[in-house]
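**Q** Okay, handing you the structure first.
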Amino acid sequence: MGPILQLKGVTRQFGGLLALNDVSFDLQPGEIVGLIGPNGAGKTTLVNMVTAVYSLTKGKIFFEGKQINGMKPHEISRMGIARTFQMVQPFPKMTVLENVAAGALFAGGVKTLAKAKEQAMEHLQFVRLADFAQSSASALTLADRKRLELAKSLAMNPRLLLLDEVNAGLSNVEINRAMELIRSLVERGITILLIEHLMKVVLALCSRVIVLHHGQLIAEGVSTEVVRDPRVVEAYLGSRFVKRQQKGKGYA
Amino acid sequence: MLIAQILVNGLVLGGLYACIAVGFSLVWGVLNVINLLHGSFIVIGSYAAYFAYIHLGIHPFLSVPIAAAILFVIGYSFQAGFINRVVAAPVLTTLTLTFGLELFVNNLLIIAFKADYRKVTLENPLGVLTLAGITVPVDRLAAMVMALLLTGLLFWVLNASRVGRAIVAVRMDREAAALMGVKVKKIYALTFGIGAVMAGAAGSLISLIYPISPLNSITFLGKAFVICVLGGLGSVLGAMVGGLTLGVLESFGALAFGPEHAVTLSFITLILFLLFRPTGIMGKKGYE
Amino acid sequence: MRRILLLLALVGVLLVPMVGNNYIIRLTTIMMLYCVLALSWNFIGGLTGYPSFATAAFFGLGAYAGAICQGQGIPMYLAWILGALMAAVFAAGLGLAILRLRGHYFAIASLVVADVLREVVNSATKLTGGGMGFNLPVLKMGIDTQTKLFYYLMFILAILTVVSAAYVNRHRLGFGLRCIKQNEDAANMIGINATIYKTVAFTLSAVFVGWAGAFYASWVNYIEPGDVFDILFSVKPIIMVLLGRAGTISGPIIGAVIFLFMEELVWRNFLTFHAGVLGLIVVALIFYLPDGVLALNFRRLLAWRRN
């Protein structure tokens, strides 16, 4: 089986700004790959290009061997790619259950609303939001909304899941729980691209890491090696981290 | 030289059209409210000029301040009393509200003034001006010049005065303006008032040219729509470009298809623009 | 409880022609016509959240299509179906063009379409009779029989509309439309083809209206452009749905009934000012009943009154 996702020379220009510049990489099925880089590096833009929110200025994207750039967002969802949003976007007037059922009913390919709701309940149990099934989606806390996003994405039955900063704004306890959830997703055979700022999460979960800086891919490889790469350290982790490393104090 | 004559006719008309639409465009652009009362505001302005002439002998051009003052009061009150409460509401709510208000006001006008068409006929008409084979009635030309002057005055106010810049700021980004200390609610009321003022002024000028009747308010509204879409929302320049374009379009359209189809032609143009170039001729939203 | 009320209402409606005079029968026919218009607008306006003002366009188109067909000798019932089809096809095409627009722009485009159609019909004098109107062949039956016949035919159309609305509401299409209304981008992202869904909703908002238009033409026997393309045919259904409650089934129906009662009352008492009173009612509706009658919490209201 070939790579599940391939980016070849992906470039995106917004007027005068080159948000992504000739980015190429492959994702193998079943991996968890981290996508890191400072703010503005182009990480979310990259996810937006894969999910067809933005079109490509140049380059190609392949999913399971098929070229997907140029398709519409709903087509891509139905092909088996799901993503979460940094700014969580629920359907505010629907219940938590309905929000997740929506994912199952459309991209997830479930035939009836009733079955979609059944499956939604299972997903809610998996992310431990089942108690909130009948609450309005707009009444949830930030942490719970992130779990709702995750449940909705899972309901879409994806083979590739793009997680965009699922841990931003969460407490330590919540982050640990999220990490467990993500690990169990991989056990289900879902390939995950994880955009993250928190190094401990990246190093704990991801076998490989891709680093973006100013829209360019500056490093790629095994996590523990990439974080020592001087270019990456310089661009992203900053001198303080380097100093701690040199004093043998480990990760922040 | 027929083409040149038609073109001039269109431009003269277009100058007036710009004045008709600029208030509407400003309110739409700044408050994001389509003021369906705009047509009736213009008609009220026309009536003000008419009665000022009939009873006090004041020339309609000189009634402009009177009409403006009356409409400012009306506009400000409507905004404070009604529009203010729905400014952040969805399109359907604001449209339905102004529709209801317009039904009410228009009916009032019909009861008060009857639906018959009236006209201001000056005792000493100013005749026509002929230049290079093109004739223009002087009162129309004068009305157009005054309309453009008023529109230009608005442009200057928006650019040069603090209040004007505040209005433009709110139009560009309401939240940012609020963060910078602009009292957005006050600006809304003021903008609506200015929109009404421009309508009243336009009505006053137009009383010499168009028949006056509450039945005409929907005609003016329709033109205002087209002008906004043609020229771009919320900017004086857009209203001018849109107005002149519509004037010329109607003139040539009347020549090609007959005057009774001029309005339909303008609506078809409206739809085409909405489909293919919704930001209007100017391309980007004008920021003055 | 609701089922019983519904059954009673149905029985009542069926009994009207037997106990009422022609005036009452005609009034109830109009009430059912209003229900059809309101439920139809609900598809695109209430469920999907796109403020369509195209109802008059569909109504007039159906009216003229049906009328012209009948003038060519096509039997009345078939002519109505053709009217419905024409309106549906037109809506599908128009939808693909203007459903890309949002908010105000969509509203204006849909509004202007009716006016353009009116002018086109006005000018195509050979086909439509233009401004002089179109006379439909008169049915060979007595007034009383005809009134009752049209009553039951309208009833059938109304039932069809209600059943379709209920079906859409409870199944996938309705769910998807509701998602689109709340967040169109998110809807696209979870696999809803918003373009197709919106176009289907828009077409649904036209098919029964077109049918009703053709029905109307046969019912009144004479139509002219200004009459069937009247902007009020676009605005009244919106008011009815807002009055009842957008997005539901009973909302538009209740709104239509209340609206008809108000309209009759106002007409009888305020002849010269009826438009003005309607306007005031609309304003009051926006301020005091923003979510419609069905959204009122009656228990809370009663408690508030006791205080």
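Ordering of the structure tokens sets the chain letters (A, B, ...); residue numbers start at 1 within each chain; ligands are numbered from 1 in the order shown.
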Residues of chain C within 8 Å of chain B, using only C-alpha atoms, as a list in words?

**A** Pro51, Ala97, Ile98, Leu101, Gly103, His104, Tyr105, Ala109, Val112, Asp115, Val116, Glu119, Ile239, Thr272, Phe273, Ala275, Gly276, Val277, Leu278, Gly279, Leu280, Ile281, Val282, Val283 and Ile286 of chain C

**Q** Name all residues at most 12 Å from Ile196 of chain C (count only C-alpha atoms; drop same-chain ones fewer than 2 positions away) and give them as a PyMOL selection string.

**A** (chain A and resi 74) or (chain C and resi 92-93+95-96+99-100+173+176-177+180+188+191-194+198-203)

**Q** Please, could you write that set of residues out with C-alpha atoms as an mmCIF file, in the first residue's frame?

**A**
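selection-v2.cif, freshly written:
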data_model
loop_
_atom_site.group_PDB
_atom_site.id
_atom_site.type_symbol
_atom_site.label_atom_id
_atom_site.label_comp_id
_atom_site.auth_asym_id
_atom_site.auth_seq_id
_atom_site.Cartn_x
_atom_site.Cartn_y
_atom_site.Cartn_z
ATOM 1 C CA HIS A 74 -17.908 17.936 0.807
ATOM 2 C CA ALA C 92 -33.770 24.956 -10.281
ATOM 3 C CA GLY C 93 -32.126 27.059 -12.964
ATOM 4 C CA GLY C 95 -31.253 28.630 -7.907
ATOM 5 C CA LEU C 96 -28.033 27.488 -9.493
ATOM 6 C CA LEU C 99 -28.018 30.632 -4.445
ATOM 7 C CA ARG C 100 -24.333 31.477 -4.521
ATOM 8 C CA LEU C 173 -32.734 16.664 3.561
ATOM 9 C CA GLY C 176 -28.908 18.945 6.118
ATOM 10 C CA LEU C 177 -30.781 22.169 5.388
ATOM 11 C CA ILE C 180 -26.656 24.780 6.230
ATOM 12 C CA ASN C 188 -19.841 21.594 3.578
ATOM 13 C CA GLY C 191 -19.962 16.184 3.640
ATOM 14 C CA ILE C 192 -23.167 18.037 2.771
ATOM 15 C CA ASN C 193 -23.222 19.169 -0.831
ATOM 16 C CA ALA C 194 -24.710 22.520 0.079
ATOM 17 C CA LYS C 198 -30.057 24.502 -1.429
ATOM 18 C CA THR C 199 -31.187 24.041 -5.001
ATOM 19 C CA VAL C 200 -33.516 21.221 -3.982
ATOM 20 C CA ALA C 201 -34.975 23.391 -1.221
ATOM 21 C CA PHE C 202 -35.431 26.263 -3.655
ATOM 22 C CA THR C 203 -37.130 23.978 -6.162
#

**Q** I want to know what sits within 6 Å of segment 162-176 of chain A, based on only C-alpha atoms, with residues of the same chain fewer than 6 positions away left out; could you give that as a list in words?

**A** Arg83, Thr84, Phe85, Gln86, Ile192, Leu193, Leu194, Ile195 and Glu196 of chain A

**Q** When you look at Arg162 of chain B with a cut-off of 12 Å (counting only C-alpha atoms), what residues show up, excluding the ones that are within fewer than 6 positions of it in the same chain? I need them as a ChimeraX atom specification.

**A** /B:156,168-169,182,187

**Q** So, counting only C-alpha atoms, which residue among A:Ala130, A:Lys115, A:Phe25, A:Leu35 is closest to Val226 of chain A?

**A**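 Among A:Ala130, A:Lys115, A:Phe25, A:Leu35, it is A:Leu35 that comes nearest to Val226 of chain A.
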
**Q** Would you please work out which residue, of A:Val96, A:Ala155, A:Thr112, A:Lys146, is nearest to Gln134 of chain A when using only C-alpha atoms?

**A**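 Under the stated criterion, the closest residue is A:Val96.
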
**Q** Env of Val127 of chain A: 12 Å cut, atoms = only C-alpha atoms, seq-sep filter 3 positions within chain, self excluded. Answer as number ranges by chain.

**A** A: 100, 120-124, 130-133, 143-155, 174, 177-182, 184-185
